[in-house]
file data-v6.txt (compact mmCIF, C-alpha atoms)
# COMPACT_ATOMS: atom_id res chain seq x y z
CA MET A 263 0.00 0.00 0.00
CA ASP A 264 1.20 3.50 -0.75
CA PHE A 265 2.78 5.41 2.14
CA ALA A 266 0.77 8.52 1.25
CA LEU A 267 -2.48 6.54 1.51
CA LEU A 268 -1.46 5.19 4.91
CA ALA A 269 -0.69 8.72 6.05
CA PHE A 270 -4.08 9.91 4.80
CA TYR A 271 -5.88 7.18 6.78
CA ALA A 272 -3.85 8.07 9.88
CA PHE A 273 -4.62 11.79 9.50
CA ALA A 274 -8.32 11.11 8.93
CA THR A 275 -8.51 8.85 12.00
CA ALA A 276 -6.73 11.42 14.15
CA ALA A 277 -9.02 14.20 12.91
CA VAL A 278 -12.18 12.23 13.69
CA ALA A 279 -10.89 11.19 17.11
CA SER A 280 -9.84 14.72 18.08
CA ALA A 281 -13.13 16.17 16.81
CA GLY A 282 -15.01 13.67 18.92
CA ALA A 283 -12.92 14.62 21.94
CA VAL A 284 -13.82 18.30 21.43
CA ILE A 285 -17.51 17.62 22.06
CA SER A 286 -17.05 14.88 24.64
CA VAL A 287 -14.58 16.27 27.17
CA ARG A 288 -15.90 18.34 30.05
CA ASN A 289 -12.97 20.68 30.54
CA PRO A 290 -13.05 23.70 28.18
CA VAL A 291 -9.25 23.92 28.10
CA HIS A 292 -9.01 20.29 26.97
CA ALA A 293 -11.66 20.98 24.34
CA ALA A 294 -9.65 23.93 23.01
CA LEU A 295 -6.48 21.81 22.80
CA PHE A 296 -8.27 19.05 20.93
CA LEU A 297 -9.79 21.62 18.57
CA VAL A 298 -6.29 22.88 17.75
CA LEU A 299 -5.28 19.29 17.01
CA THR A 300 -8.33 18.86 14.76
CA PHE A 301 -7.51 21.97 12.73
CA PHE A 302 -3.86 20.97 12.42
CA THR A 303 -4.71 17.42 11.32
CA VAL A 304 -7.14 18.62 8.67
CA ALA A 305 -4.51 21.07 7.44
CA CYS A 306 -2.02 18.20 7.13
CA THR A 307 -4.61 16.26 5.12
CA TRP A 308 -5.06 19.15 2.70
CA ILE A 309 -1.31 19.59 2.30
CA LEU A 310 -1.02 15.87 1.64
CA ALA A 311 -3.66 16.21 -1.09
CA GLY A 312 -1.69 19.01 -2.76
CA ALA A 313 -3.71 21.99 -1.49
CA GLU A 314 -0.87 23.71 0.32
CA PHE A 315 -2.55 27.11 0.39
CA LEU A 316 -5.68 25.76 2.08
CA GLY A 317 -3.62 23.93 4.68
CA VAL A 318 -1.52 26.97 5.55
CA ALA A 319 -4.60 29.22 5.57
CA LEU A 320 -6.36 26.83 7.96
CA ILE A 321 -3.45 26.95 10.38
CA LEU A 322 -2.98 30.72 10.19
CA VAL A 323 -6.66 31.73 10.21
CA TYR A 324 -8.36 29.13 12.39
CA VAL A 325 -5.59 28.08 14.75
CA GLY A 326 -4.07 31.56 14.92
CA ALA A 327 -7.22 33.74 14.97
CA VAL A 328 -10.43 31.78 15.52
CA MET A 329 -8.95 29.81 18.41
CA VAL A 330 -8.05 33.09 20.11
CA LEU A 331 -11.72 34.08 19.96
CA PHE A 332 -12.73 30.69 21.37
CA LEU A 333 -10.31 31.18 24.25
CA PHE A 334 -11.78 34.64 24.91
CA VAL A 335 -15.22 33.03 25.14
CA VAL A 336 -13.88 30.39 27.51
CA MET A 337 -12.35 33.11 29.67
CA MET A 338 -15.64 35.04 29.79
CA LEU A 339 -17.62 32.00 30.95
CA ASP A 340 -18.50 31.49 34.60
CA ILE A 341 -15.41 29.43 35.41
CA ASP A 342 -13.39 29.43 38.59
CA VAL A 343 -10.14 30.63 37.06
CA ALA A 344 -8.27 30.55 40.37
CA LYS A 345 -9.05 26.87 40.81
CA MET A 346 -7.95 26.16 37.23
CA ARG A 347 -4.64 27.95 37.81
CA GLU A 348 -3.98 26.00 40.96
CA GLY A 349 -4.25 22.68 39.12
CA TRP A 350 -2.56 23.69 35.87
CA VAL A 351 -0.34 20.59 36.04
CA ARG A 352 -3.34 18.40 35.24
CA PHE A 353 -3.54 20.04 31.79
CA LEU A 354 0.05 19.03 31.04
CA PRO A 355 -0.69 15.42 29.92
CA VAL A 356 -3.29 16.55 27.38
CA GLY A 357 -1.01 19.31 26.12
CA LEU A 358 1.89 16.88 25.74
CA LEU A 359 -0.36 14.40 23.95
CA VAL A 360 -1.50 17.04 21.48
CA ALA A 361 2.08 18.23 20.94
CA VAL A 362 3.37 14.69 20.33
CA VAL A 363 0.58 13.91 17.85
CA MET A 364 1.24 17.15 15.97
CA LEU A 365 4.98 16.37 15.84
CA VAL A 366 4.30 12.87 14.49
CA GLU A 367 1.96 14.29 11.86
CA MET A 368 4.57 16.84 10.75
CA LEU A 369 7.24 14.14 10.47
CA ALA A 370 4.88 11.89 8.51
CA LEU A 371 3.97 14.73 6.17
CA ILE A 372 7.63 15.57 5.61
CA GLY A 373 8.32 11.91 4.92
CA VAL A 374 5.53 11.67 2.36
CA LYS A 375 6.69 14.82 0.56
CA ALA A 376 10.30 13.59 0.61
CA ARG A 377 9.37 10.18 -0.85
CA SER A 378 7.29 11.80 -3.58
CA ALA A 379 10.14 14.16 -4.50
CA VAL A 380 12.78 11.43 -4.89
CA PRO A 381 11.81 10.36 -8.44
CA PHE A 382 11.86 13.97 -9.64
CA ALA A 383 15.34 14.51 -8.17
CA GLN A 384 16.72 11.33 -9.72
CA ASN A 385 15.23 11.80 -13.17
CA ALA A 386 15.30 15.27 -14.70
CA ALA A 387 12.93 14.14 -17.45
CA ALA A 388 10.21 13.18 -14.97
CA PRO A 389 6.74 14.57 -15.66
CA ALA A 390 5.71 17.84 -14.02
CA PRO A 391 3.19 17.92 -11.17
CA ILE A 392 -0.51 17.86 -11.90
CA GLY A 393 -1.60 21.15 -13.43
CA GLY A 394 1.94 22.07 -14.49
CA GLU A 395 2.80 24.02 -11.29
CA PRO A 396 2.30 23.80 -7.53
CA ASN A 397 -1.02 24.71 -6.00
CA THR A 398 0.17 27.90 -4.31
CA ILE A 399 1.81 29.29 -7.46
CA TRP A 400 -1.25 28.47 -9.58
CA LEU A 401 -3.59 30.13 -7.08
CA ALA A 402 -1.47 33.28 -6.85
CA HIS A 403 -1.18 33.48 -10.65
CA ALA A 404 -4.94 33.02 -11.07
CA LEU A 405 -5.86 35.59 -8.41
CA PHE A 406 -3.62 38.37 -9.68
CA THR A 407 -4.16 37.82 -13.41
CA ASP A 408 -7.46 36.25 -14.45
CA PHE A 409 -9.44 37.09 -11.29
CA LEU A 410 -7.77 40.35 -10.29
CA LEU A 411 -10.94 42.49 -10.57
CA PRO A 412 -13.19 40.12 -8.53
CA PHE A 413 -10.39 39.79 -5.96
CA GLU A 414 -10.10 43.57 -5.58
CA VAL A 415 -13.89 43.99 -5.43
CA ALA A 416 -14.11 41.37 -2.67
CA ALA A 417 -11.35 43.17 -0.77
CA VAL A 418 -13.21 46.50 -1.05
CA ILE A 419 -16.48 44.91 0.10
CA LEU A 420 -14.79 43.34 3.13
CA THR A 421 -13.13 46.65 3.98
CA ILE A 422 -16.48 48.45 3.81
CA ALA A 423 -18.02 45.77 6.03
CA VAL A 424 -15.29 46.22 8.65
CA ILE A 425 -15.70 50.01 8.63
CA ALA A 426 -19.49 49.66 8.90
CA ALA A 427 -19.17 47.27 11.84
CA VAL A 428 -16.87 49.70 13.63
CA MET A 429 -19.21 52.64 12.98
CA LEU A 430 -22.21 50.69 14.28
CA THR A 431 -20.40 49.92 17.52
CA LEU A 432 -19.36 53.57 17.94
CA ARG A 433 -22.90 54.99 17.93
CA ARG A 434 -23.90 57.01 20.95
CA ARG A 435 -25.72 55.17 23.69
CA VAL A 436 -27.32 56.55 26.81
CA GLY A 437 -25.14 55.89 29.85
CA ALA A 438 -22.14 54.70 27.84
CA LYS A 439 -18.75 56.39 28.12
CA HIS A 440 -17.02 57.56 24.95
CA GLN A 441 -13.70 59.16 24.17
CA ASP A 442 -13.28 62.40 22.28
CA PRO A 443 -9.86 62.30 20.54
CA ALA A 444 -10.16 65.91 19.38
CA TRP A 445 -10.67 67.15 22.95
CA GLN A 446 -7.88 64.89 24.26
CA THR A 447 -5.33 66.24 21.78
CA SER A 448 -6.34 69.89 22.22
CA VAL A 449 -6.09 69.90 26.00
CA ARG A 450 -3.52 72.24 27.55
CA ALA A 451 -1.02 71.61 30.30
CA ARG A 452 -2.71 73.96 32.77
CA ASP A 453 -5.98 72.06 32.25
CA ARG A 454 -4.38 68.82 33.40
CA ILE A 455 -2.78 70.04 36.65
CA ARG A 456 -4.33 72.39 39.17
CA MET A 457 -2.36 73.81 42.08
CA VAL A 458 -4.42 73.97 45.26
CA SER A 459 -3.32 75.74 48.42
CA VAL A 460 -4.02 73.50 51.40
CA PRO A 461 -3.62 75.02 54.90
CA THR A 462 -1.12 73.14 57.03
CA GLU A 463 -2.33 74.40 60.43
CA HIS A 464 -5.52 73.06 61.86
CA PRO A 465 -7.89 75.42 63.70
CA PRO A 466 -7.75 75.22 67.50
CA VAL A 467 -10.18 72.82 69.09
CA GLU A 468 -12.30 74.38 71.82
CA PRO A 469 -12.51 72.37 75.05
CA LEU A 470 -15.84 70.80 75.80
CA ALA A 471 -17.91 72.09 78.69
CA ALA A 472 -18.86 69.93 81.67
CA GLY A 473 -22.41 69.52 80.41
CA ASP A 474 -21.21 68.57 76.95
CA LYS A 475 -18.89 65.94 78.44
CA GLU A 476 -21.74 64.38 80.41
CA GLY A 477 -23.92 64.39 77.28
CA LYS A 478 -21.15 62.75 75.27
CA ALA A 479 -20.72 60.11 77.93

call {"tool": "encode", "arguments": {"input": "data-v6.txt", "output": "structure tokens"}}
result
Amino acid sequence: MDFALLAFYAFATAAVASAGAVISVRNPVHAALFLVLTFFTVACTWILAGAEFLGVALILVYVGAVMVLFLFVVMMLDIDVAKMREGWVRFLPVGLLVAVVMLVEMLALIGVKARSAVPFAQNAAAPAPIGGEPNTIWLAHALFTDFLLPFEVAAVILTIAVIAAVMLTLRRRVGAKHQDPAWQTSVRARDRIRMVSVPTEHPPVEPLAAGDKEGKA
């Protein structure tokens, strides 16, 4: 059986197992670690299939950005963070397991790519890859030549959407505090510091009368 096919079966099994662990474990930190392993395994599967751009984009976008949002949600939940910090050693086995599996997957992927590149290195007349060029080069060439206008239009639409989302969140609400950058930059030094003369001597205290002492008692 081909080594690449064995690697694909191993990656698929690891992805299904880690995805099942995401929805089955009780600890949110363990779930986040298994979700990282799921994304990484699927990315390795795409790279193995020749879609290098999709694999790298999955790691950069989902593992690097979406997982940060997931962790923010986990931090905002009603969780006893102090108790979790006290027993942080119990998360070490799961973290080591995820790290070891990711290392094995990277080594297997490197091995598959190295075995597939041996015939091309030995024989200069070997046929070119499918499509005539690697996936990343073909995608970049297609985006910036044939699909340049749709690509730029999509970029403009996404930029407008981001600006609109920011403007919607900046609308004035009753009871909400807002900053005024124009007022902050135009403030003067004498408006920031005010010198106040505070008397150092306290006024003399009059002694209490006998009746006042009895009333106080």

call {"tool": "atom_distance", "arguments": {"input": "data-v6.txt", "atom1": "atom CA of Ala272 of chain A", "atom2": "atom CA of Gly326 of chain A"}}
result
24.0 Å

call {"tool": "residues_near_point", "arguments": {"input": "data-v6.txt", "point": "(-0.9, 22.5, -4.2)", "cutoff": "12 Å", "atoms": "only C-alpha atoms", "output": "list in words"}}
result
Thr307, Trp308, Ile309, Leu310, Ala311, Gly312, Ala313, Glu314, Phe315, Leu316, Gly317, Val318, Lys375, Pro391, Ile392, Gly393, Gly394, Glu395, Pro396, Asn397, Thr398, Ile399, Trp400, Leu401 and Ala402 of chain A

call {"tool": "residues_near_point", "arguments": {"input": "data-v6.txt", "point": "(0.6, 6.1, -0.5)", "cutoff": "12 Å", "atoms": "all atoms listed in the file", "output": "number ranges by chain"}}
result
A: 263-272, 310-311, 370-371, 373-375, 377-378

call {"tool": "write_last_selection", "arguments": {"input": "data-v6.txt", "atoms": "C-alpha atoms", "output": "compact mmCIF listing (two decimals), keeping the file's coordinate frame"}}
result
# COMPACT_ATOMS: atom_id res chain seq x y z
CA MET A 263 0.00 0.00 0.00
CA ASP A 264 1.20 3.50 -0.75
CA PHE A 265 2.78 5.41 2.14
CA ALA A 266 0.77 8.52 1.25
CA LEU A 267 -2.48 6.54 1.51
CA LEU A 268 -1.46 5.19 4.91
CA ALA A 269 -0.69 8.72 6.05
CA PHE A 270 -4.08 9.91 4.80
CA TYR A 271 -5.88 7.18 6.78
CA ALA A 272 -3.85 8.07 9.88
CA LEU A 310 -1.02 15.87 1.64
CA ALA A 311 -3.66 16.21 -1.09
CA ALA A 370 4.88 11.89 8.51
CA LEU A 371 3.97 14.73 6.17
CA GLY A 373 8.32 11.91 4.92
CA VAL A 374 5.53 11.67 2.36
CA LYS A 375 6.69 14.82 0.56
CA ARG A 377 9.37 10.18 -0.85
CA SER A 378 7.29 11.80 -3.58

call {"tool": "axis_aligned_box", "arguments": {"input": "data-v6.txt", "around": "segment 325-338 of chain A", "padding_each_side": "5 Å", "output": "AutoDock Vina command-line options"}}
result
--center_x -9.9 --center_y 31.6 --center_z 22.3 --size_x 21.6 --size_y 17.0 --size_z 25.0

call {"tool": "atom_distance", "arguments": {"input": "data-v6.txt", "atom1": "atom CA of Ala294 of chain A", "atom2": "atom CA of Cys306 of chain A"}}
result
18.5 Å

call {"tool": "atom_distance", "arguments": {"input": "data-v6.txt", "atom1": "atom CA of Ala281 of chain A", "atom2": "atom CA of Phe334 of chain A"}}
result
20.2 Å

call {"tool": "closest_atom_pairs", "arguments": {"input": "data-v6.txt", "of": "segment 404-425 of chain A", "to": "segment 429-446 of chain A", "cutoff": "12 Å", "atoms": "all atoms listed in the file", "output": "JSON lines"}}
result
{"residue": "A:Ile422", "atom": "CA", "partner": "A:Met429", "partner_atom": "CA", "distance": 10.4}
{"residue": "A:Ala423", "atom": "CA", "partner": "A:Met429", "partner_atom": "CA", "distance": 9.8}
{"residue": "A:Val424", "atom": "CA", "partner": "A:Met429", "partner_atom": "CA", "distance": 8.7}
{"residue": "A:Ile425", "atom": "CA", "partner": "A:Met429", "partner_atom": "CA", "distance": 6.2}

call {"tool": "residues_around", "arguments": {"input": "data-v6.txt", "residues": "Leu333 of chain A", "least_positions_apart": "2", "cutoff": "12 Å", "atoms": "only C-alpha atoms", "output": "list in words"}}
result
Pro290, Val291, His292, Ala293, Ala294, Leu295, Leu297, Val298, Val325, Gly326, Ala327, Val328, Met329, Val330, Leu331, Val335, Val336, Met337, Met338 and Leu339 of chain A

call {"tool": "closest_residue", "arguments": {"input": "data-v6.txt", "among": "A:Phe413, A:Met364, A:Ala376, A:Thr300", "to": "Ile285 of chain A", "atoms": "only C-alpha atoms"}}
result
A:Thr300

call {"tool": "build_atoms", "arguments": {"input": "data-v6.txt", "residues": "segment 279-296 of chain A", "atoms": "N, CA and C atoms", "output": "PDB file, keeping the file's coordinate frame"}}
result
ATOM      1  N   ALA A 279     -11.020  11.420  15.671  1.00  0.00           N
ATOM      2  CA  ALA A 279     -10.890  11.190  17.110  1.00  0.00           C
ATOM      3  C   ALA A 279     -10.778  12.500  17.883  1.00  0.00           C
ATOM      4  N   SER A 280      -9.978  13.438  17.383  1.00  0.00           N
ATOM      5  CA  SER A 280      -9.840  14.720  18.080  1.00  0.00           C
ATOM      6  C   SER A 280     -11.123  15.539  18.021  1.00  0.00           C
ATOM      7  N   ALA A 281     -11.846  15.463  16.897  1.00  0.00           N
ATOM      8  CA  ALA A 281     -13.130  16.170  16.810  1.00  0.00           C
ATOM      9  C   ALA A 281     -14.147  15.591  17.778  1.00  0.00           C
ATOM     10  N   GLY A 282     -14.130  14.274  17.931  1.00  0.00           N
ATOM     11  CA  GLY A 282     -15.010  13.670  18.920  1.00  0.00           C
ATOM     12  C   GLY A 282     -14.644  14.048  20.336  1.00  0.00           C
ATOM     13  N   ALA A 283     -13.344  14.209  20.598  1.00  0.00           N
ATOM     14  CA  ALA A 283     -12.920  14.620  21.940  1.00  0.00           C
ATOM     15  C   ALA A 283     -13.326  16.056  22.235  1.00  0.00           C
ATOM     16  N   VAL A 284     -13.419  16.903  21.210  1.00  0.00           N
ATOM     17  CA  VAL A 284     -13.820  18.300  21.430  1.00  0.00           C
ATOM     18  C   VAL A 284     -15.203  18.386  22.052  1.00  0.00           C
ATOM     19  N   ILE A 285     -16.121  17.556  21.583  1.00  0.00           N
ATOM     20  CA  ILE A 285     -17.510  17.620  22.060  1.00  0.00           C
ATOM     21  C   ILE A 285     -17.793  16.642  23.196  1.00  0.00           C
ATOM     22  N   SER A 286     -16.810  15.867  23.594  1.00  0.00           N
ATOM     23  CA  SER A 286     -17.050  14.880  24.640  1.00  0.00           C
ATOM     24  C   SER A 286     -16.365  15.217  25.959  1.00  0.00           C
ATOM     25  N   VAL A 287     -15.266  15.956  25.918  1.00  0.00           N
ATOM     26  CA  VAL A 287     -14.580  16.270  27.170  1.00  0.00           C
ATOM     27  C   VAL A 287     -15.350  17.360  27.919  1.00  0.00           C
ATOM     28  N   ARG A 288     -15.201  17.371  29.217  1.00  0.00           N
ATOM     29  CA  ARG A 288     -15.900  18.340  30.050  1.00  0.00           C
ATOM     30  C   ARG A 288     -15.107  19.624  30.268  1.00  0.00           C
ATOM     31  N   ASN A 289     -13.810  19.516  30.268  1.00  0.00           N
ATOM     32  CA  ASN A 289     -12.970  20.680  30.540  1.00  0.00           C
ATOM     33  C   ASN A 289     -12.859  21.545  29.291  1.00  0.00           C
ATOM     34  N   PRO A 290     -13.151  22.845  29.375  1.00  0.00           N
ATOM     35  CA  PRO A 290     -13.050  23.700  28.180  1.00  0.00           C
ATOM     36  C   PRO A 290     -11.633  23.867  27.660  1.00  0.00           C
ATOM     37  N   VAL A 291     -10.635  23.809  28.547  1.00  0.00           N
ATOM     38  CA  VAL A 291      -9.250  23.920  28.100  1.00  0.00           C
ATOM     39  C   VAL A 291      -8.856  22.691  27.285  1.00  0.00           C
ATOM     40  N   HIS A 292      -9.267  21.513  27.730  1.00  0.00           N
ATOM     41  CA  HIS A 292      -9.010  20.290  26.970  1.00  0.00           C
ATOM     42  C   HIS A 292      -9.714  20.348  25.609  1.00  0.00           C
ATOM     43  N   ALA A 293     -10.929  20.867  25.596  1.00  0.00           N
ATOM     44  CA  ALA A 293     -11.660  20.980  24.340  1.00  0.00           C
ATOM     45  C   ALA A 293     -10.935  21.908  23.359  1.00  0.00           C
ATOM     46  N   ALA A 294     -10.387  23.014  23.872  1.00  0.00           N
ATOM     47  CA  ALA A 294      -9.650  23.930  23.010  1.00  0.00           C
ATOM     48  C   ALA A 294      -8.383  23.278  22.454  1.00  0.00           C
ATOM     49  N   LEU A 295      -7.687  22.505  23.274  1.00  0.00           N
ATOM     50  CA  LEU A 295      -6.480  21.810  22.800  1.00  0.00           C
ATOM     51  C   LEU A 295      -6.819  20.782  21.730  1.00  0.00           C
ATOM     52  N   PHE A 296      -7.872  20.040  21.937  1.00  0.00           N
ATOM     53  CA  PHE A 296      -8.270  19.050  20.930  1.00  0.00           C
ATOM     54  C   PHE A 296      -8.765  19.717  19.650  1.00  0.00           C
TER      55      PHE A 296
END
